[in-house]
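Colleague: Questions regarding the structure given below will be posed in turn.
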Amino acid sequence: MKNNNVIEVENLTKKFGDFTAVNSITFEVKKGEIFGFLGANGAGKTTAMKMLIGISKPTSGKAQVAGFDVFTHPEDIKKNIGYMSQKFALYDDLTVKENITFFGGIYGLSRAKIKEKRCELVEELGLKEIVNELVGSLPLGWKQKISFSIALLHSPTIVFLDEPTGGVDPITRRQFWEMIYKSANSGTTIFVTTHYMDEAEYCDRVSIMVDGKIEALDTPKKLKLQFKAATMDEVFLKLARSPSPTLPEEKGVNI
Amino acid sequence: MLPIIFVLPLLQLVILSNAATFDIKNIKFSYVDHDKTSFSRALIEKFDASTYFNVINQFSSKKEADAAMAKGEVDVILEIPRYFERDLLKQNKTVISVAINAIDGAAAGVENVYINQIVQDFNKNAKVALSQPSDLINAPKDIMAIPSFWYNKTLNYKTFMVPGILVLLVTMITLFLSGMNIVREKEIGTLEQMNVTPIKKYQFIIGKLFPFWIIGFGLLTIGLIISKVIFNTPMVGSLGLIYFYTAIYLLVVLGMGLFISNFTDTQQQAMFIAWFFIVIFILMSGLFTPIESMPKWAQILTEFNPIKYFVEVMRMVMLKGSSLIDILPLLIKTTVYALIMNGLAVWSYKKTS
């Protein structure tokens, strides 16, 4: 892999029958970057992300993640990435501690390492009181922070976050982004999808997908210049409002 | 959930083992006696004395008796013809007619056997009464078949049913639990999280298998204790052998459950498919109806029925005291089956869509 790109995607396409969900997208993500992956519902973000994390086979194109090919080495990619899905996906009927031990074990961390990581986590997030509680009983904000920390447990090169702050209160969102910054500063690449345009402003670079294609890709600052918009919100609206075959034209997209 | 898993099936074991009996008792017996002699009364008394028959009524005509059977008041009508005693004494033979309500064919068959036994017994006594002392010496010795029931000497159906029902319960619970399991994770979304981890397919399947395997042993253990304590079922063979066989058997059922789970998208679908198989397995296991009396194609199908093997092994080991060598053919078939099912379970678990 040349220079220090951790994700390199070239003409990546995914078709479901006649429907092209992801239409020949090309981009790369550098090490330590916070990469915002935006798009309206149904634009193909999740499908594209699923191909990158190795749980969906692309129809055509090329993609390398953490130095491994998505076609031939999806399992090697999985060792080097963390993933936090849109749906909360820790085990509700296990305690925080048990979830940490479980996922640590799956990534092949030693018992000592898991214990060390757990203590770190408890310290950082202030989990002391809830570490032995069932995850299912915690408020959403806590759940998301713990999910994120567990996705980082095995010190992956890249973390994929699929709408990590959906339904979370503003204070927790802010704390969450502090966590994201912290891990980006320590060299982890963050690949994040979101519907909050203020969050898009926090990203180093942002891509906007419309109908399976990447229509814009640059730093938030340059995008605003390019589209002559004051905020990322406006940039997004200008792009996503363009006529689309999947959405009734006059309605557009409500955000 | 755990108490439900254990308590319900064990309640079923206690209830079903008592209810699922093929013992036929209290048969509603009636007769029409056109003869009214000491011989005819002796025959009727024989029925009355039997524990199987309850003499409900006596009718003066066959018509009345038929009407009663139509109403379901009686199950068996014995009609003794006129001149029954006279014919027997003079011609040494006579004919009686028996009508049996055969709506339940299996029960009717058993009733027929009982009636024959009583009539034959009566015949023998009659012969003795009729024969002269000189005849007795010269009389050819009748060849008599003396039935001897092995392994279940008192013909206690509970002894026969308890091991079988225990097998059903262990199978049902483990199949349902494993069948619902992976698909449940699909529904909650944790499966996707698992799929983005580097976990190996076989590791995942073993991880899914193991807890249910332990639960299966738990069920078996408590079931065996209940069958000993409540039903006093004998345990002639080796307990270790039962556990050894169960260890392999459970892998068949769990592999099947996980295979179903991998193929379905919702717990509902999984439940339907699991039910489909379990009903066929139970009815074709030889537990309720003998496999020998099934049509040929059905007999071939039963070869794929794991419950059939388990029922056979349980009965062989518990009641007959069969050894490892005796059950070896069944053990080998089960092992092959387990390998196939778990191979399918691993294969059908797809980390990539």
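Here's how to read the names in the structure tokens: chain A, B, ... by the order shown, residue numbers from 1 in each chain, ligand numbers from 1 in the order shown.
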Select from chain B every residue with an atom at most 9 Å from any atom of chain A, then for each give the shortest pair of atoms and their distance in Å to one decimal, using only C-alpha atoms, rows by chain and rising number, as a tab-separated table.

Modeller:
residue	atom	partner	partner_atom	distance
B:Ile188	CA	A:Ala89	CA	7.4
B:Gly189	CA	A:Ala89	CA	5.7
B:Thr190	CA	A:Ala89	CA	4.6
B:Leu191	CA	A:Ala89	CA	8.0
B:Glu192	CA	A:Ala89	CA	7.9
B:Gln193	CA	A:Ala89	CA	6.1
B:Met194	CA	A:Ile106	CA	8.9
B:Asn195	CA	A:Ile55	CA	6.7
B:Val196	CA	A:Lys78	CA	5.6
B:Thr197	CA	A:Lys78	CA	5.4
B:Pro198	CA	A:Lys78	CA	5.1
B:Ile199	CA	A:Ile106	CA	6.1
B:Lys200	CA	A:Glu75	CA	8.7
B:Lys350	CA	A:Ile55	CA	9.0
B:Lys351	CA	A:Ile55	CA	6.1
B:Thr352	CA	A:Ile55	CA	4.2
B:Ser353	CA	A:Ser56	CA	4.9

Colleague: Using the chain letters and numbers from this document, which residues of range 33-246 of chain B does DSSP assign to strand (DSSP E or B), as a list of chain:residue names?

Modeller: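 These are the residues in question: B:Asp33, B:Phe53, B:Asn54, B:Val55, B:Ile56, B:Asn57, B:Gln58, B:Phe59, B:Val76, B:Ile77, B:Leu78, B:Glu79, B:Ile80, B:Ser97, B:Val98, B:Ala99, B:Ile100.
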
Colleague: Report as an NGL selection string all protein, DNA and RNA residues lying within 12 Å of Phe6 in chain B, evaluated on only C-alpha atoms, omitting residues in the same chain fewer than 6 positions from it.

Modeller: :B and (12-13 or 169-170 or 173-174 or 215-223)

Colleague: How would the residues just chosen look if you wrote them out with C-alpha atoms as an mmCIF file, in the first residue's frame?

Modeller:
data_model
loop_
_atom_site.group_PDB
_atom_site.id
_atom_site.type_symbol
_atom_site.label_atom_id
_atom_site.label_comp_id
_atom_site.auth_asym_id
_atom_site.auth_seq_id
_atom_site.Cartn_x
_atom_site.Cartn_y
_atom_site.Cartn_z
ATOM 1 C CA GLN B 12 -44.382 -33.540 30.920
ATOM 2 C CA LEU B 13 -42.345 -36.612 31.673
ATOM 3 C CA LEU B 169 -38.178 -34.267 25.844
ATOM 4 C CA VAL B 170 -34.410 -34.045 25.672
ATOM 5 C CA ILE B 173 -35.912 -28.899 24.133
ATOM 6 C CA THR B 174 -32.441 -29.026 22.648
ATOM 7 C CA ILE B 215 -28.442 -28.332 29.148
ATOM 8 C CA GLY B 216 -29.206 -31.601 27.341
ATOM 9 C CA PHE B 217 -27.153 -33.517 29.898
ATOM 10 C CA GLY B 218 -28.903 -31.672 32.704
ATOM 11 C CA LEU B 219 -32.296 -32.678 31.328
ATOM 12 C CA LEU B 220 -31.231 -36.271 30.867
ATOM 13 C CA THR B 221 -29.873 -36.468 34.395
ATOM 14 C CA ILE B 222 -32.955 -35.067 36.063
ATOM 15 C CA GLY B 223 -35.161 -37.191 33.801
#

Colleague: So the first atom is CA of Tyr245 in chain B and the second is CA of Glu312 in chain B; what is the distance between them in Å, to one decimal place?

Modeller: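 Atom-to-atom, CA of Tyr245 in chain B to CA of Glu312 in chain B, that is 11.3 Å.
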
Colleague: Taking the backbone alone, and naming residues the way the document does, which bits of range 92-300 of chain B are helix (DSSP H, G or I) by DSSP, as a PyMOL selection string?

Modeller: chain B and resi 105-130+133-138+157-188+190-195+201-229+239-263+267-283+291-293+296-300

Colleague: Convert the current residue selection to file output with C-alpha atoms, as a short mmCIF file (atom, residue, chain, number, x, y, z; two decimals), in the first residue's frame.

Modeller:
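What landed in out-v3.cif:
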data_model
loop_
_atom_site.label_atom_id
_atom_site.label_comp_id
_atom_site.auth_asym_id
_atom_site.auth_seq_id
_atom_site.Cartn_x
_atom_site.Cartn_y
_atom_site.Cartn_z
CA GLY B 105 -58.05 -50.53 15.77
CA ALA B 106 -55.10 -51.04 18.05
CA ALA B 107 -57.29 -51.39 21.11
CA ALA B 108 -59.62 -53.76 19.25
CA GLY B 109 -56.66 -55.96 18.37
CA VAL B 110 -55.62 -56.19 21.99
CA GLU B 111 -59.20 -56.88 23.08
CA ASN B 112 -59.43 -59.65 20.52
CA VAL B 113 -56.34 -61.29 21.98
CA TYR B 114 -57.76 -61.11 25.49
CA ILE B 115 -61.07 -62.62 24.38
CA ASN B 116 -59.30 -65.45 22.58
CA GLN B 117 -57.25 -66.22 25.63
CA ILE B 118 -60.32 -66.45 27.80
CA VAL B 119 -62.21 -68.57 25.32
CA GLN B 120 -59.28 -70.93 24.89
CA ASP B 121 -58.93 -71.23 28.60
CA PHE B 122 -62.61 -72.07 28.79
CA ASN B 123 -62.16 -74.66 26.02
CA LYS B 124 -59.47 -76.41 27.94
CA ASN B 125 -61.55 -76.65 31.06
CA ALA B 126 -64.52 -77.83 29.06
CA LYS B 127 -62.42 -80.55 27.49
CA VAL B 128 -61.32 -81.77 30.84
CA ALA B 129 -64.88 -81.80 32.05
CA LEU B 130 -66.05 -83.69 28.99
CA PRO B 133 -60.73 -90.75 32.54
CA SER B 134 -59.49 -93.21 29.92
CA ASP B 135 -59.33 -90.47 27.33
CA LEU B 136 -57.24 -88.36 29.58
CA ILE B 137 -54.42 -90.83 29.53
CA ASN B 138 -54.54 -91.28 25.77
CA TYR B 157 -46.09 -49.83 29.91
CA LYS B 158 -44.49 -47.18 32.02
CA THR B 159 -41.25 -49.12 31.96
CA PHE B 160 -41.54 -49.12 28.21
CA MET B 161 -42.64 -45.49 27.81
CA VAL B 162 -40.52 -43.58 30.33
CA PRO B 163 -37.19 -43.98 28.52
CA GLY B 164 -38.89 -43.07 25.25
CA ILE B 165 -40.62 -39.99 26.56
CA LEU B 166 -37.42 -38.87 28.23
CA VAL B 167 -35.75 -39.07 24.84
CA LEU B 168 -38.49 -36.98 23.26
CA LEU B 169 -38.18 -34.27 25.84
CA VAL B 170 -34.41 -34.05 25.67
CA THR B 171 -34.63 -33.89 21.88
CA MET B 172 -37.44 -31.37 21.73
CA ILE B 173 -35.91 -28.90 24.13
CA THR B 174 -32.44 -29.03 22.65
CA LEU B 175 -33.72 -28.79 19.06
CA PHE B 176 -35.93 -25.80 19.81
CA LEU B 177 -33.30 -23.98 21.83
CA SER B 178 -30.59 -24.40 19.23
CA GLY B 179 -33.01 -23.76 16.36
CA MET B 180 -34.04 -20.42 17.79
CA ASN B 181 -30.59 -19.38 18.81
CA ILE B 182 -28.61 -18.04 15.86
CA VAL B 183 -31.72 -16.64 14.23
CA ARG B 184 -32.45 -14.78 17.45
CA GLU B 185 -29.06 -13.11 17.19
CA LYS B 186 -29.90 -12.21 13.61
CA GLU B 187 -33.02 -10.48 14.89
CA ILE B 188 -31.28 -8.60 17.68
CA THR B 190 -25.59 -9.15 17.55
CA LEU B 191 -24.89 -11.63 14.77
CA GLU B 192 -23.70 -8.82 12.51
CA GLN B 193 -21.33 -7.75 15.25
CA MET B 194 -20.03 -11.32 15.46
CA ASN B 195 -19.60 -11.42 11.70
CA LYS B 201 -16.98 -20.43 11.65
CA TYR B 202 -16.33 -23.65 13.52
CA GLN B 203 -15.49 -21.71 16.68
CA PHE B 204 -18.80 -19.91 16.45
CA ILE B 205 -20.75 -23.14 15.98
CA ILE B 206 -18.96 -24.85 18.86
CA GLY B 207 -19.68 -21.82 21.01
CA LYS B 208 -23.35 -22.14 20.14
CA LEU B 209 -23.41 -25.89 20.61
CA PHE B 210 -21.74 -26.18 23.95
CA PRO B 211 -24.27 -24.54 26.32
CA PHE B 212 -27.15 -26.57 24.88
CA TRP B 213 -25.09 -29.70 25.08
CA ILE B 214 -24.72 -29.11 28.81
CA ILE B 215 -28.44 -28.33 29.15
CA GLY B 216 -29.21 -31.60 27.34
CA PHE B 217 -27.15 -33.52 29.90
CA GLY B 218 -28.90 -31.67 32.70
CA LEU B 219 -32.30 -32.68 31.33
CA LEU B 220 -31.23 -36.27 30.87
CA THR B 221 -29.87 -36.47 34.39
CA ILE B 222 -32.96 -35.07 36.06
CA GLY B 223 -35.16 -37.19 33.80
CA LEU B 224 -33.29 -40.35 34.75
CA ILE B 225 -33.60 -39.50 38.42
CA ILE B 226 -37.36 -38.97 38.03
CA SER B 227 -37.81 -42.21 36.13
CA LYS B 228 -35.98 -44.04 38.90
CA VAL B 229 -37.67 -42.33 41.82
CA LEU B 239 -25.36 -45.46 32.99
CA GLY B 240 -22.01 -44.39 31.56
CA LEU B 241 -22.97 -45.89 28.20
CA ILE B 242 -26.21 -43.90 28.15
CA TYR B 243 -24.29 -40.70 28.78
CA PHE B 244 -21.71 -41.57 26.18
CA TYR B 245 -24.37 -42.19 23.56
CA THR B 246 -26.28 -39.05 24.58
CA ALA B 247 -23.12 -36.98 24.18
CA ILE B 248 -23.01 -37.92 20.51
CA TYR B 249 -26.75 -37.90 20.01
CA LEU B 250 -27.09 -34.34 21.29
CA LEU B 251 -24.62 -33.21 18.66
CA VAL B 252 -26.96 -34.52 15.95
CA VAL B 253 -29.94 -32.61 17.33
CA LEU B 254 -28.00 -29.43 18.05
CA GLY B 255 -26.31 -29.49 14.65
CA MET B 256 -29.74 -29.82 13.09
CA GLY B 257 -31.09 -26.93 15.17
CA LEU B 258 -28.21 -24.65 14.25
CA PHE B 259 -28.58 -25.62 10.60
CA ILE B 260 -32.26 -24.60 10.75
CA SER B 261 -31.28 -21.42 12.54
CA ASN B 262 -28.77 -20.48 9.86
CA PHE B 263 -31.30 -20.96 7.12
CA GLN B 267 -37.54 -17.08 15.06
CA GLN B 268 -41.03 -17.78 13.77
CA GLN B 269 -39.73 -19.50 10.68
CA ALA B 270 -37.23 -21.45 12.74
CA MET B 271 -39.97 -22.55 15.13
CA PHE B 272 -42.16 -23.76 12.29
CA ILE B 273 -39.41 -25.80 10.72
CA ALA B 274 -38.33 -27.23 14.05
CA TRP B 275 -41.94 -28.26 14.74
CA PHE B 276 -42.25 -29.82 11.33
CA PHE B 277 -39.30 -32.08 12.00
CA ILE B 278 -40.03 -32.84 15.61
CA VAL B 279 -43.59 -34.02 14.87
CA ILE B 280 -42.36 -36.34 12.14
CA PHE B 281 -39.54 -37.58 14.30
CA ILE B 282 -41.83 -38.32 17.23
CA LEU B 283 -44.54 -40.08 15.25
CA ILE B 291 -41.84 -49.22 12.91
CA GLU B 292 -42.32 -52.80 11.64
CA SER B 293 -45.94 -52.07 10.84
CA LYS B 296 -41.84 -49.79 3.41
CA TRP B 297 -41.13 -46.20 2.36
CA ALA B 298 -41.89 -44.96 5.86
CA GLN B 299 -39.55 -47.54 7.30
CA ILE B 300 -36.79 -46.24 5.06
#

Colleague: Extract, using only C-alpha atoms, all DNA, RNA and protein residues at most 10 Å from range 130-145 of chain A, discarding same-chain residues fewer than 6 positions from it, and format them as a PyMOL selection string.

Modeller: chain A and resi 84-100+118+121-122+151+164-173+175-176+179

Colleague: With N, CA and C atoms retained, export the selected residues as a compact mmCIF listing (two decimals), in the first residue's frame.

Modeller:
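Result file part24.txt:
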# COMPACT_ATOMS: atom_id res chain seq x y z
N MET A 84 -18.83 -0.62 14.93
CA MET A 84 -19.93 -0.34 15.83
C MET A 84 -21.14 -0.09 14.95
N SER A 85 -22.15 -0.95 15.09
CA SER A 85 -23.27 -0.87 14.16
C SER A 85 -24.31 0.12 14.64
N GLN A 86 -25.17 0.46 13.70
CA GLN A 86 -26.30 1.34 13.92
C GLN A 86 -27.18 0.82 15.05
N LYS A 87 -27.39 -0.50 15.01
CA LYS A 87 -28.17 -1.18 16.03
C LYS A 87 -27.21 -1.48 17.16
N PHE A 88 -27.64 -1.27 18.38
CA PHE A 88 -26.78 -1.62 19.50
C PHE A 88 -26.54 -3.13 19.47
N ALA A 89 -25.28 -3.54 19.48
CA ALA A 89 -25.02 -4.95 19.24
C ALA A 89 -24.11 -5.61 20.28
N LEU A 90 -24.14 -5.11 21.49
CA LEU A 90 -23.49 -5.87 22.55
C LEU A 90 -24.55 -6.83 23.10
N TYR A 91 -24.11 -7.79 23.92
CA TYR A 91 -25.07 -8.74 24.45
C TYR A 91 -25.78 -8.16 25.67
N ASP A 92 -27.07 -7.88 25.50
CA ASP A 92 -27.89 -7.28 26.55
C ASP A 92 -27.91 -8.10 27.84
N ASP A 93 -27.84 -9.41 27.69
CA ASP A 93 -27.95 -10.25 28.88
C ASP A 93 -26.60 -10.60 29.49
N LEU A 94 -25.57 -9.87 29.08
CA LEU A 94 -24.27 -9.99 29.76
C LEU A 94 -23.98 -8.66 30.44
N THR A 95 -23.16 -8.70 31.48
CA THR A 95 -22.80 -7.44 32.13
C THR A 95 -21.73 -6.73 31.29
N VAL A 96 -21.46 -5.49 31.65
CA VAL A 96 -20.43 -4.72 30.94
C VAL A 96 -19.12 -5.49 30.96
N LYS A 97 -18.78 -5.98 32.13
CA LYS A 97 -17.53 -6.71 32.31
C LYS A 97 -17.50 -7.96 31.41
N GLU A 98 -18.62 -8.69 31.40
CA GLU A 98 -18.67 -9.91 30.60
C GLU A 98 -18.56 -9.63 29.11
N ASN A 99 -19.21 -8.53 28.68
CA ASN A 99 -19.10 -8.15 27.27
C ASN A 99 -17.65 -7.85 26.90
N ILE A 100 -16.98 -7.13 27.78
CA ILE A 100 -15.57 -6.80 27.51
C ILE A 100 -14.74 -8.07 27.41
N ARG A 118 -9.70 -3.61 30.51
CA ARG A 118 -10.93 -3.36 31.23
C ARG A 118 -10.72 -2.29 32.31
N LEU A 121 -10.54 1.05 30.73
CA LEU A 121 -11.87 1.50 30.32
C LEU A 121 -12.69 2.00 31.50
N VAL A 122 -12.67 1.22 32.55
CA VAL A 122 -13.44 1.57 33.75
C VAL A 122 -12.97 2.93 34.25
N ALA A 151 -15.27 -1.64 20.58
CA ALA A 151 -14.79 -1.71 19.20
C ALA A 151 -13.30 -1.37 19.12
N PRO A 164 -23.20 6.35 14.95
CA PRO A 164 -22.99 6.01 16.36
C PRO A 164 -23.79 6.87 17.32
N THR A 165 -24.21 8.05 16.88
CA THR A 165 -24.85 8.95 17.84
C THR A 165 -26.34 9.11 17.59
N GLY A 166 -26.92 8.18 16.83
CA GLY A 166 -28.36 8.26 16.57
C GLY A 166 -29.14 8.13 17.86
N GLY A 167 -30.01 9.10 18.14
CA GLY A 167 -30.87 9.00 19.31
C GLY A 167 -30.19 9.32 20.63
N VAL A 168 -29.00 9.91 20.56
CA VAL A 168 -28.25 10.19 21.78
C VAL A 168 -28.34 11.68 22.11
N ASP A 169 -28.39 12.03 23.39
CA ASP A 169 -28.55 13.45 23.76
C ASP A 169 -27.30 14.27 23.43
N PRO A 170 -27.44 15.60 23.29
CA PRO A 170 -26.33 16.45 22.84
C PRO A 170 -25.09 16.35 23.72
N ILE A 171 -25.29 16.22 25.03
CA ILE A 171 -24.12 16.15 25.91
C ILE A 171 -23.33 14.88 25.64
N THR A 172 -24.06 13.77 25.55
CA THR A 172 -23.39 12.50 25.29
C THR A 172 -22.73 12.51 23.92
N ARG A 173 -23.41 13.17 22.95
CA ARG A 173 -22.82 13.25 21.62
C ARG A 173 -21.48 13.96 21.67
N GLN A 175 -19.50 14.22 24.25
CA GLN A 175 -18.53 13.32 24.91
C GLN A 175 -18.06 12.25 23.96
N PHE A 176 -19.01 11.77 23.16
CA PHE A 176 -18.68 10.72 22.21
C PHE A 176 -17.64 11.20 21.21
N MET A 179 -14.28 11.30 22.56
CA MET A 179 -13.66 9.96 22.51
C MET A 179 -13.11 9.68 21.12
